[in-house]
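**Student:** As input, take structure39.cif (mmCIF, C-alpha atoms):
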data_final
loop_
_atom_site.label_atom_id
_atom_site.label_comp_id
_atom_site.auth_asym_id
_atom_site.auth_seq_id
_atom_site.Cartn_x
_atom_site.Cartn_y
_atom_site.Cartn_z
CA MET A 315 -36.53 4.78 16.06
CA ALA A 316 -39.15 2.46 17.41
CA GLY A 317 -41.71 3.33 20.04
CA SER A 318 -42.66 6.83 21.15
CA PRO A 319 -41.17 9.93 19.54
CA ALA A 320 -38.77 10.17 22.46
CA GLY A 321 -37.72 6.53 22.05
CA PRO A 322 -37.39 3.94 24.80
CA PRO A 323 -36.30 5.29 28.19
CA ILE A 324 -32.56 5.35 28.87
CA ASP A 325 -31.07 5.96 32.29
CA PRO A 326 -28.25 8.50 31.72
CA SER A 327 -26.69 7.56 35.07
CA ALA A 328 -26.40 3.85 34.22
CA ASP A 329 -23.09 2.37 33.11
CA PRO A 330 -23.33 1.72 29.35
CA PRO A 331 -22.41 -1.75 28.09
CA ALA A 332 -18.93 -2.24 26.63
CA ILE A 333 -19.02 -2.20 22.82
CA LEU A 334 -16.52 -3.51 20.27
CA ILE A 335 -16.87 -2.02 16.77
CA ARG A 336 -14.98 -4.34 14.43
CA ASP A 337 -13.62 -3.74 10.94
CA ALA A 338 -14.24 0.01 10.89
CA ARG A 339 -12.75 2.57 8.55
CA LEU A 340 -11.59 5.91 9.97
CA ARG A 341 -11.37 9.26 8.24
CA ALA A 342 -7.80 10.06 7.21
CA SER A 343 -7.61 12.93 9.71
CA THR A 344 -8.64 10.59 12.54
CA ALA A 345 -6.34 7.75 11.49
CA ALA A 346 -3.41 10.16 11.41
CA ARG A 347 -3.82 10.86 15.12
CA PHE A 348 -3.15 7.19 15.80
CA GLY A 349 -0.38 6.76 13.23
CA ILE A 350 -2.61 4.36 11.30
CA ASP A 351 -2.78 4.16 7.51
CA PRO A 352 -6.36 5.26 6.62
CA ALA A 353 -6.63 2.27 4.28
CA ILE A 354 -6.27 -0.07 7.27
CA HIS A 355 -9.47 -1.01 9.06
CA VAL A 356 -9.59 -0.77 12.84
CA ASP A 357 -11.29 -2.21 15.90
CA ILE A 358 -12.69 0.28 18.39
CA VAL A 359 -13.44 -0.61 22.01
CA ILE A 360 -15.83 1.59 23.99
CA ARG A 361 -16.00 0.99 27.72
CA ASP A 362 -17.46 3.05 30.60
CA GLY A 363 -18.70 5.56 28.05
CA ARG A 364 -15.27 6.31 26.58
CA TYR A 365 -12.97 5.10 23.83
CA GLU A 366 -10.73 2.51 25.44
CA SER A 367 -8.66 1.44 22.43
CA ILE A 368 -8.40 2.00 18.69
CA ALA A 369 -6.08 -0.37 16.82
CA PRO A 370 -5.70 -2.15 13.49
CA ALA A 371 -8.40 -4.76 13.02
CA GLY A 372 -7.54 -8.17 14.43
CA ALA A 373 -4.65 -6.86 16.53
CA GLU A 374 -6.03 -8.66 19.62
CA THR A 375 -6.06 -5.49 21.73
CA VAL A 376 -9.63 -5.83 23.00
CA GLY A 377 -8.58 -6.73 26.52
CA ALA A 378 -11.48 -7.42 28.89
CA ALA A 379 -14.68 -8.95 27.60
CA VAL A 380 -17.22 -6.72 25.87
CA ASP A 381 -20.99 -6.87 26.09
CA ARG A 382 -21.65 -6.33 22.42
CA THR A 383 -19.81 -6.63 19.11
CA VAL A 384 -20.81 -4.58 16.07
CA ASP A 385 -19.42 -5.45 12.63
CA ALA A 386 -18.86 -2.19 10.74
CA ALA A 387 -18.02 -4.25 7.61
CA GLY A 388 -15.56 -1.62 6.41
CA GLY A 389 -18.02 1.24 6.89
CA LEU A 390 -16.88 4.67 8.02
CA VAL A 391 -16.94 5.36 11.77
CA THR A 392 -16.81 9.04 12.71
CA GLU A 393 -17.78 11.40 15.45
CA SER A 394 -21.53 11.92 15.75
CA PHE A 395 -23.24 15.04 14.42
CA VAL A 396 -23.58 18.46 16.03
CA ASN A 397 -26.38 20.82 15.05
CA GLY A 398 -25.21 24.31 15.89
CA HIS A 399 -28.51 26.10 15.32
CA LEU A 400 -32.13 24.91 15.47
CA HIS A 401 -35.25 26.94 16.24
CA LEU A 402 -36.77 24.07 18.14
CA CYS A 403 -39.88 25.82 19.43
CA LYS A 404 -40.95 26.58 15.85
CA VAL A 405 -40.74 23.12 14.26
CA ASN A 406 -43.69 22.14 12.07
CA THR A 407 -45.50 25.48 12.53
CA LEU A 408 -45.53 26.37 8.82
CA PRO A 409 -49.22 25.37 8.37
CA LEU A 410 -50.14 27.90 11.08
CA VAL A 411 -48.37 30.88 9.47
CA GLY A 412 -48.62 30.28 5.72
CA ASP A 413 -46.13 31.34 3.05
CA ALA A 414 -45.97 35.12 3.52
CA ALA A 415 -42.93 35.05 5.80
CA LEU A 416 -41.19 32.53 3.53
CA ALA A 417 -41.65 34.82 0.55
CA ALA A 418 -40.31 37.83 2.47
CA TYR A 419 -37.29 35.99 3.92
CA HIS A 420 -36.27 34.35 0.65
CA GLY A 421 -36.88 37.40 -1.53
CA ALA A 422 -34.11 38.75 -3.74
CA GLY A 423 -31.29 40.18 -1.65
CA MET A 424 -33.00 39.25 1.63
CA GLY A 425 -34.20 42.84 1.98
CA GLY A 426 -37.42 41.62 3.59
CA ALA A 427 -35.85 39.56 6.38
CA MET A 428 -37.13 41.85 9.15
CA THR A 429 -40.62 41.78 7.64
CA ALA A 430 -40.49 37.99 7.61
CA ILE A 431 -39.72 37.89 11.33
CA GLU A 432 -42.57 40.28 12.05
CA LEU A 433 -45.00 38.14 10.02
CA ALA A 434 -43.83 34.94 11.68
CA ALA A 435 -44.26 36.33 15.18
CA ASN A 436 -48.03 35.81 15.14
CA VAL A 437 -47.69 32.07 15.67
CA LYS A 438 -46.31 32.66 19.14
CA LYS A 439 -49.71 33.79 20.33
CA LEU A 440 -50.68 30.11 20.08
CA TYR A 441 -47.71 28.83 22.08
CA ARG A 442 -48.49 26.46 24.93
CA THR A 443 -45.84 24.16 26.33
CA ASP A 444 -48.02 21.04 26.01
CA ARG A 445 -48.89 21.89 22.38
CA LEU A 446 -45.25 22.39 21.43
CA LEU A 447 -43.81 19.27 23.05
CA PRO A 448 -45.04 16.63 20.55
CA GLY A 449 -43.39 18.37 17.59
CA ILE A 450 -40.22 19.03 19.57
CA ARG A 451 -40.00 15.39 20.62
CA ARG A 452 -40.44 14.25 17.03
CA ALA A 453 -37.71 16.61 15.79
CA LEU A 454 -35.25 15.47 18.45
CA GLY A 455 -36.15 11.83 17.92
CA ARG A 456 -35.38 12.13 14.22
CA GLY A 457 -32.16 13.90 15.05
CA VAL A 458 -31.05 10.94 17.16
CA GLU A 459 -31.97 8.54 14.35
CA TYR A 460 -29.76 10.51 11.97
CA GLY A 461 -26.82 10.49 14.36
CA MET A 462 -27.14 13.92 15.96
CA THR A 463 -26.03 13.85 19.59
CA HIS A 464 -25.58 17.57 20.32
CA VAL A 465 -27.84 20.50 19.41
CA ARG A 466 -28.08 24.18 20.30
CA ALA A 467 -31.84 24.70 20.44
CA PHE A 468 -33.35 28.20 20.32
CA ALA A 469 -36.71 29.01 21.91
CA ASP A 470 -38.40 32.39 21.51
CA THR A 471 -38.44 34.01 24.95
CA ASP A 472 -40.20 37.35 24.79
CA THR A 473 -43.40 39.14 25.77
CA THR A 474 -45.46 37.14 23.25
CA ALA A 475 -44.06 33.63 23.70
CA LYS A 476 -43.31 34.31 27.38
CA GLN A 477 -41.95 31.08 28.93
CA GLU A 478 -44.01 28.59 26.90
CA GLY A 479 -41.40 27.81 24.24
CA ILE A 480 -38.34 27.70 26.48
CA ARG A 481 -40.16 25.50 29.00
CA ALA A 482 -41.04 23.06 26.23
CA VAL A 483 -37.44 22.97 25.00
CA MET A 484 -36.07 22.48 28.52
CA ALA A 485 -38.61 19.71 29.21
CA ALA A 486 -37.52 17.93 26.03
CA ARG A 487 -33.86 18.51 26.93
CA ASP A 488 -34.41 16.64 30.18
CA GLU A 489 -36.41 13.85 28.50
CA PHE A 490 -33.65 13.23 25.96
CA ALA A 491 -30.75 13.50 28.42
CA GLY A 492 -29.82 9.85 27.89
CA ARG A 493 -29.59 10.07 24.11
CA MET A 494 -28.42 13.58 23.23
CA ALA A 495 -27.24 16.87 24.73
CA VAL A 496 -29.65 19.74 24.13
CA GLN A 497 -28.46 23.27 24.89
CA ALA A 498 -31.57 25.40 25.49
CA VAL A 499 -31.17 29.00 24.29
CA ALA A 500 -33.43 31.73 25.71
CA PHE A 501 -33.88 33.83 22.58
CA PRO A 502 -35.52 37.31 22.46
CA GLN A 503 -36.61 36.94 18.81
CA ASP A 504 -38.51 40.25 18.61
CA GLY A 505 -35.74 42.35 20.10
CA VAL A 506 -34.98 43.78 23.51
CA VAL A 507 -35.41 47.50 22.86
CA ARG A 508 -38.31 46.90 20.46
CA ASP A 509 -39.94 44.50 22.91
CA PRO A 510 -39.76 46.01 26.41
CA GLY A 511 -39.96 43.20 28.93
CA ALA A 512 -38.16 40.63 26.75
CA ALA A 513 -34.98 40.92 28.82
CA ASP A 514 -36.99 40.09 31.94
CA GLN A 515 -38.37 37.00 30.17
CA VAL A 516 -34.83 35.89 29.30
CA ARG A 517 -33.78 36.45 32.92
CA GLN A 518 -36.64 34.29 34.16
CA ALA A 519 -35.68 31.51 31.73
CA LEU A 520 -32.08 31.61 32.95
CA ASN A 521 -33.29 31.41 36.53
CA ASP A 522 -35.32 28.33 35.54
CA GLY A 523 -32.34 26.58 33.94
CA ALA A 524 -31.88 27.77 30.34
CA ASP A 525 -28.35 26.96 29.20
CA VAL A 526 -27.43 29.78 26.80
CA VAL A 527 -28.23 33.50 26.43
CA GLY A 528 -29.59 34.31 22.98
CA GLY A 529 -29.86 37.53 21.05
CA ILE A 530 -30.73 39.08 17.70
CA PRO A 531 -29.38 42.64 17.85
CA TRP A 532 -29.80 43.49 14.17
CA ILE A 533 -33.60 43.39 14.58
CA GLU A 534 -33.54 46.68 16.50
CA PHE A 535 -34.31 49.87 14.58
CA THR A 536 -31.18 51.92 15.39
CA ASP A 537 -27.47 51.37 15.91
CA ALA A 538 -27.91 52.53 19.49
CA GLY A 539 -30.68 49.96 19.98
CA MET A 540 -28.52 47.21 18.50
CA ARG A 541 -25.72 47.99 20.92
CA GLU A 542 -28.15 48.19 23.85
CA HIS A 543 -29.48 44.75 22.91
CA ILE A 544 -25.98 43.23 22.92
CA VAL A 545 -25.03 44.90 26.21
CA ALA A 546 -28.24 43.75 27.94
CA MET A 547 -27.77 40.12 26.89
CA MET A 548 -24.06 40.13 27.73
CA ASP A 549 -24.94 41.52 31.17
CA LEU A 550 -27.17 38.48 31.72
CA ALA A 551 -24.50 36.10 30.41
CA VAL A 552 -21.95 37.43 32.89
CA GLU A 553 -24.45 37.49 35.76
CA PHE A 554 -25.55 33.88 35.17
CA ASP A 555 -22.18 32.62 33.85
CA ARG A 556 -23.68 31.44 30.56
CA ASP A 557 -22.44 31.13 27.00
CA VAL A 558 -23.94 33.38 24.33
CA SER A 559 -25.45 32.70 20.89
CA MET A 560 -26.64 35.64 18.83
CA LEU A 561 -28.22 35.83 15.39
CA VAL A 562 -26.35 38.66 13.74
CA ASP A 563 -26.71 40.63 10.49
CA ASP A 564 -29.28 38.25 9.03
CA ALA A 565 -30.39 40.40 6.10
CA GLY A 566 -29.21 41.73 2.76
CA ASP A 567 -27.86 44.97 4.18
CA ALA A 568 -24.13 45.60 3.91
CA THR A 569 -24.32 48.31 6.60
CA LEU A 570 -25.25 45.79 9.33
CA ARG A 571 -22.29 45.40 11.69
CA THR A 572 -23.70 43.81 14.85
CA LEU A 573 -21.15 41.00 14.69
CA GLU A 574 -18.35 43.55 15.04
CA THR A 575 -20.12 45.07 18.04
CA LEU A 576 -20.66 41.63 19.57
CA ALA A 577 -16.97 40.76 19.16
CA THR A 578 -15.88 44.06 20.70
CA GLU A 579 -18.19 43.53 23.68
CA THR A 580 -16.94 39.95 24.04
CA LEU A 581 -13.39 41.23 24.42
CA ALA A 582 -14.46 43.95 26.84
CA ARG A 583 -16.19 41.35 29.08
CA GLY A 584 -13.42 38.77 28.89
CA TRP A 585 -15.93 36.33 27.39
CA GLU A 586 -13.59 35.01 24.69
CA GLY A 587 -14.41 31.48 23.56
CA ARG A 588 -17.92 31.64 25.01
CA VAL A 589 -19.77 33.44 22.21
CA THR A 590 -21.19 32.03 18.98
CA ALA A 591 -22.50 34.02 16.01
CA GLN A 592 -25.31 32.59 13.90
CA HIS A 593 -26.05 33.48 10.26
CA ALA A 594 -24.01 36.68 9.67
CA ARG A 595 -25.45 36.74 6.14
CA ALA A 596 -24.71 40.44 5.50
CA MET A 597 -21.04 39.45 5.53
CA ALA A 598 -21.55 38.23 1.96
CA LEU A 599 -21.92 41.89 0.91
CA TYR A 600 -18.96 43.34 2.81
CA PRO A 601 -16.00 44.70 0.83
CA ASP A 602 -12.84 42.68 1.38
CA PRO A 603 -11.14 45.18 3.74
CA SER A 604 -14.19 45.09 6.04
CA PHE A 605 -14.26 41.30 5.98
CA LEU A 606 -10.55 41.03 6.77
CA ARG A 607 -10.90 43.33 9.78
CA LEU A 608 -13.89 41.34 10.97
CA SER A 609 -12.17 37.96 10.66
CA ALA A 610 -9.20 39.27 12.67
CA LEU A 611 -11.56 40.51 15.36
CA LEU A 612 -13.38 37.15 15.47
CA ARG A 613 -10.09 35.32 15.93
CA GLN A 614 -9.14 37.64 18.76
CA ALA A 615 -12.51 37.16 20.50
CA ARG A 616 -12.49 33.41 19.73
CA ILE A 617 -15.98 33.63 18.25
CA GLY A 618 -17.11 30.82 15.98
CA VAL A 619 -19.79 31.14 13.32
CA VAL A 620 -22.70 28.83 12.56
CA SER A 621 -23.96 29.09 8.98
CA ASP A 622 -27.19 27.74 7.52
CA PRO A 623 -26.76 28.34 3.78
CA HIS A 624 -29.79 26.28 2.77
CA THR A 625 -32.29 28.53 4.59
CA GLY A 626 -31.62 31.83 2.84
CA PRO A 627 -30.22 33.20 -0.43
CA LEU A 628 -27.27 34.88 1.33
CA HIS A 629 -24.81 33.22 3.69
CA ALA A 630 -21.62 33.88 5.63
CA ARG A 631 -18.33 33.65 3.74
CA VAL A 632 -17.71 30.13 4.99
CA ARG A 633 -14.67 29.18 2.95
CA GLU A 634 -12.90 32.47 3.64
CA LEU A 635 -13.70 32.37 7.36
CA ARG A 636 -12.13 28.92 7.54
CA ASP A 637 -9.12 30.08 5.54
CA HIS A 638 -8.63 32.88 8.07
CA GLY A 639 -8.77 30.57 11.08
CA VAL A 640 -12.33 31.27 12.22
CA PRO A 641 -14.13 28.03 13.21
CA VAL A 642 -17.38 27.41 11.32
CA GLY A 643 -20.17 24.93 11.99
CA LEU A 644 -23.39 24.23 10.13
CA GLY A 645 -26.92 24.10 11.50
CA GLN A 646 -30.35 22.84 10.47
CA ASP A 647 -31.81 26.24 11.46
CA ASP A 648 -35.48 25.49 10.74
CA ILE A 649 -37.84 22.57 10.22
CA ALA A 650 -41.10 23.26 8.38
CA ASP A 651 -41.64 26.72 9.82
CA ALA A 652 -42.08 30.28 8.59
CA TYR A 653 -38.50 30.44 7.24
CA TYR A 654 -37.90 27.03 5.65
CA PRO A 655 -40.43 24.42 4.43
CA PHE A 656 -38.29 21.27 4.76
CA GLY A 657 -35.85 19.72 7.23
CA ARG A 658 -35.39 16.31 8.89
CA ASN A 659 -32.84 17.28 11.55
CA ASN A 660 -30.38 15.30 9.46
CA MET A 661 -26.97 16.96 9.50
CA LEU A 662 -25.77 14.80 6.61
CA GLU A 663 -28.56 16.31 4.55
CA VAL A 664 -27.52 19.79 5.71
CA GLY A 665 -23.93 19.01 4.69
CA PHE A 666 -25.08 17.66 1.32
CA LEU A 667 -27.00 20.87 0.62
CA ALA A 668 -24.12 23.06 1.83
CA ALA A 669 -21.68 21.32 -0.53
CA HIS A 670 -23.81 22.55 -3.44
CA LEU A 671 -24.63 26.02 -2.14
CA LEU A 672 -21.04 26.76 -1.13
CA TRP A 673 -19.56 25.03 -4.20
CA MET A 674 -17.42 22.88 -1.93
CA THR A 675 -17.35 19.66 -3.94
CA SER A 676 -13.72 18.54 -4.22
CA GLY A 677 -12.42 15.77 -1.98
CA PRO A 678 -10.80 18.19 0.52
CA ASP A 679 -13.92 20.39 0.40
CA LEU A 680 -16.18 17.47 1.32
CA GLU A 681 -13.89 16.63 4.23
CA ALA A 682 -14.25 20.25 5.36
CA ILE A 683 -18.05 20.03 5.04
CA TYR A 684 -17.99 16.90 7.19
CA ASP A 685 -15.85 18.70 9.78
CA MET A 686 -18.46 21.47 9.93
CA ILE A 687 -21.17 19.03 11.01
CA THR A 688 -18.94 17.15 13.47
CA VAL A 689 -15.64 18.26 15.01
CA ASP A 690 -15.68 21.91 13.94
CA ALA A 691 -19.30 22.35 15.00
CA ALA A 692 -18.37 20.90 18.39
CA ARG A 693 -15.49 23.36 18.62
CA VAL A 694 -17.81 26.28 17.84
CA LEU A 695 -20.20 25.24 20.62
CA GLY A 696 -17.43 24.61 23.13
CA ILE A 697 -17.97 20.83 23.37
CA ALA A 698 -14.77 19.39 24.83
CA ASP A 699 -13.09 16.04 24.08
CA PHE A 700 -15.36 15.38 21.11
CA GLU A 701 -12.85 13.88 18.69
CA ILE A 702 -12.44 10.11 18.42
CA ALA A 703 -9.48 9.58 20.75
CA VAL A 704 -8.64 7.20 23.56
CA GLY A 705 -10.09 8.54 26.81
CA HIS A 706 -12.63 10.84 25.17
CA ARG A 707 -16.38 10.45 25.54
CA ALA A 708 -17.65 8.06 22.90
CA ASN A 709 -20.05 9.95 20.60
CA CYS A 710 -19.89 8.28 17.22
CA VAL A 711 -21.78 6.86 14.26
CA VAL A 712 -21.25 3.76 12.14
CA HIS A 713 -22.02 4.35 8.46
CA ARG A 714 -22.76 1.96 5.60
CA TYR A 715 -20.26 3.54 3.23
CA PRO A 716 -16.46 3.70 3.46
CA THR A 717 -15.95 7.33 2.38
CA VAL A 718 -17.15 10.78 3.31
CA ARG A 719 -18.22 11.45 -0.28
CA GLU A 720 -20.52 8.43 -0.42
CA THR A 721 -21.87 9.10 3.06
CA LEU A 722 -22.76 12.69 2.19
CA ALA A 723 -24.14 11.69 -1.21
CA GLU A 724 -26.61 9.22 0.29
CA HIS A 725 -27.24 11.11 3.61
CA GLU A 726 -28.89 8.01 5.06
CA ARG A 727 -29.43 7.05 8.67
CA PRO A 728 -26.28 5.61 10.26
CA ARG A 729 -26.31 1.92 11.09
CA LEU A 730 -25.50 2.71 14.72
CA VAL A 731 -25.49 5.87 16.84
CA VAL A 732 -23.51 5.99 20.10
CA TYR A 733 -23.94 8.75 22.69
CA HIS A 734 -21.70 8.80 25.76
CA GLY A 735 -20.86 5.18 25.09
CA ALA A 736 -24.45 3.92 24.80
CA ALA A 737 -26.13 2.74 21.59
CA VAL A 738 -29.11 5.10 21.23
CA ALA A 739 -30.31 4.38 17.67
CA GLU A 740 -29.89 1.60 15.09
CA CYS A 741 -30.95 1.09 11.52
CA ALA A 742 -30.71 -2.34 9.91
#
Would you mind writing the file out in structure tokens?

**Tutor:**
Amino acid sequence: MAGSPAGPPIDPSADPPAILIRDARLRASTAARFGIDPAIHVDIVIRDGRYESIAPAGAETVGAAVDRTVDAAGGLVTESFVNGHLHLCKVNTLPLVGDAALAAYHGAGMGGAMTAIELAANVKKLYRTDRLLPGIRRALGRGVEYGMTHVRAFADTDTTAKQEGIRAVMAARDEFAGRMAVQAVAFPQDGVVRDPGAADQVRQALNDGADVVGGIPWIEFTDAGMREHIVAMMDLAVEFDRDVSMLVDDAGDATLRTLETLATETLARGWEGRVTAQHARAMALYPDPSFLRLSALLRQARIGVVSDPHTGPLHARVRELRDHGVPVGLGQDDIADAYYPFGRNNMLEVGFLAAHLLWMTSGPDLEAIYDMITVDAARVLGIADFEIAVGHRANCVVHRYPTVRETLAEHERPRLVVYHGAAVAECA
């Protein structure tokens, strides 16, 4: 993306120009919704920010004049990418914290995950909103370049970070409003019981406009503390009418069960469909009867899971969750911070890595991986009308390659990125 890290200014209130995407190939699942053979290329008209028509190429269904024509040349056109989990306040802080937290988090069995979080917390003493913004802008700018139009962005909101991180994330959210949707999560990383005053910091952030209530109940020292953490954050969610995202059971400890507690509390509050669980790595160690009970409870509470298999040696049971009807999305999680040394905010790269780590490499598996960075991730985050369909908001990407397999294999920048009907990034 040319220019500043935030890109050229875009007025989100302006009417986007009408776009015709010619000679595009759709995924088979998308083509089926229109009764079109997936081998047949299509023309897509986007007008007033929405899909106006999708028809076989050359069918002369364009109607009124368009402002711009894009030749997809047989390349795949799909929904844009959704990043279900990114610690945006922490991007590019690895040089400030060193490798000790990395070693603890990635150690055998993830037994040192809590230690890693405690080691990483020191960097927050340096947090200042103006210092954090340049890195945040760069991360979001790269996300737009790689076709990401929606992200759930966590910012540590506690007695150490105070409001510095969440203010930076909300400022960037507003700056990027014309090119992506950023959901700012007020996240008490160091606990609520362990960190008295953190709940007050989250409350202040919600008063100031944070979008989502965060949580990390497993970080507390006792089962009673874990439950208190969940109850306190759910109280705030109900009071402020906010969705919830909690990092649960993120360690190699099969006795961790905070996801079960979160699901039970979700049902008790009537908050079904408004809660997302991140990580849930301990699930990998559960015996099958425990997992089956949990998956049934998640379906009942309509809780989706976001997994980040590339950032830790354990991960949620993604394939089995999907098989049991629990929606799963993928997330970038971290970019060059105390928990992960890489990351480009490129969800195709995340999908490419997940295909290896989850051993999901067959044709149907790769389609499922692609769902988890597009339509399924949107479902997990409660993003409505996201699928390519006439009348829906136009959030899409135009790729160079005709298949999902090739697109994942190369994980290159899309040729064109469209957000709410406007072209927000291009790559020749």

**Student:** Taking into account all atoms listed in the file, which residue in the set A:Val558, A:Ala415, A:Ala546, A:Ile480 is nearest to Gly511 in chain A?

**Tutor:**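 Answer, going by the shortest atom-to-atom distance: A:Ala546.
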
**Student:** What do you get, as a list in words, if you spell out every residue that the PyMOL selection byres ((chain A and resi 445-454) around 7) selects here?

**Tutor:**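 Evaluating the PyMOL selection byres ((chain A and resi 445-454) around 7) on this file yields Pro319, Ala320, Leu402, Cys403, Val405, Asn406, Tyr441, Arg442, Thr443, Asp444, Gly455, Arg456, Gly457, Val458, Ala482, Ala486 and Asn659 of chain A.
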
**Student:** I need the residues from that last selection saved to file as a CSV table (one decimal), in the frame of the given file (with C-alpha atoms), if you can.

**Tutor:**
chain,number,residue,atom,x,y,z
A,319,PRO,CA,-41.2,9.9,19.5
A,320,ALA,CA,-38.8,10.2,22.5
A,402,LEU,CA,-36.8,24.1,18.1
A,403,CYS,CA,-39.9,25.8,19.4
A,405,VAL,CA,-40.7,23.1,14.3
A,406,ASN,CA,-43.7,22.1,12.1
A,441,TYR,CA,-47.7,28.8,22.1
A,442,ARG,CA,-48.5,26.5,24.9
A,443,THR,CA,-45.8,24.2,26.3
A,444,ASP,CA,-48.0,21.0,26.0
A,455,GLY,CA,-36.2,11.8,17.9
A,456,ARG,CA,-35.4,12.1,14.2
A,457,GLY,CA,-32.2,13.9,15.0
A,458,VAL,CA,-31.0,10.9,17.2
A,482,ALA,CA,-41.0,23.1,26.2
A,486,ALA,CA,-37.5,17.9,26.0
A,659,ASN,CA,-32.8,17.3,11.6

**Student:** What is the distance, in Å and to one decimal place, between CA of Thr572 in chain A and CA of Thr473 in chain A?

**Tutor:** 23.0 Å

**Student:** Please determine, counting all atoms listed in the file, which residue among A:Arg719, A:Ala742, A:Gly657, A:Asn436 has the shortest atom-to-atom distance to Ala386 in chain A.

**Tutor:**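 Nearest candidate to Ala386 in chain A out of A:Arg719, A:Ala742, A:Gly657, A:Asn436: A:Ala742.
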
**Student:** Excluding Val562 in chain A and its own-chain neighbours fewer than 3 positions away, which residues fall within 9 Å of it when counting all atoms listed in the file? Please give them as a list in words.

**Tutor:**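 Contacts, with the query itself left out: Gly529, Ile530, Pro531, Trp532, Ile533, Ala565, Leu570, Arg571, Thr572, Leu573, Leu576, Ala591, Gln592, His593, Ala594, Arg595 and Ala596 of chain A.
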
**Student:** Evaluate the PyMOL selection byres ((chain A and resi 710) around 10) here and jot the selected residues down as a list in words.

**Tutor:**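 With the PyMOL selection byres ((chain A and resi 710) around 10) on this model, the match is Val391, Thr392, Glu393, Ser394, Phe395, Gly461, Met462, Thr463, Thr688, Phe700, Glu701, Ile702, Arg707, Ala708, Asn709, Val711, Val712, His713, Pro728, Leu730, Val731, Val732, Tyr733, His734, Gly735, Ala736 and Ala737 of chain A.
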
**Student:** Which distance in Å separates CA of Ala430 in chain A and CA of Gly566 in chain A, to one decimal?

**Tutor:**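 Separation of CA of Ala430 in chain A and CA of Gly566 in chain A: 12.8 Å.
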
**Student:** Could you spell out the hits of the PyMOL selection byres ((chain A and resi 638) around 9) on the shown file, as number ranges by chain?

**Tutor:** A: 606, 609-610, 613, 633-637, 639-641

**Student:** Residues around (-15.0, -7.2, 25.2), cut-off 8 Å, counting all atoms listed in the file - what are they as a count of residues only?

**Tutor:** 12

**Student:** Got a sec: who's within 8 Å of Tyr715 in chain A, counting all atoms listed in the file, leaving out chain neighbours fewer than 3 positions off, as a ChimeraX atom specification?

**Tutor:** /A:388-390,718,720-721

**Student:** What is the distance, in Å and to one decimal place, between CA of Arg556 in chain A and CA of Glu579 in chain A?

**Tutor:** 15.0 Å

**Student:** Can you tell me, as a VMD selection string, what residues are no more than 12 Å from Thr675 in chain A when counting only C-alpha atoms, ignoring any on the same chain fewer than 5 positions away?

**Tutor:** chain A and resid 665 to 670 680 to 684 718 to 719 722 to 723

**Student:** As lines of an AutoDock Vina configuration file, please report the centre and edge lengths, rounded to one decimal in Å, of the axis-aligned box that holds all listed atoms of range 670-685 of chain A with 4 Å of padding on each of the six sides.

**Tutor:**
center_x = -17.7
center_y = 21.3
center_z = 2.8
size_x = 21.8
size_y = 19.0
size_z = 22.0
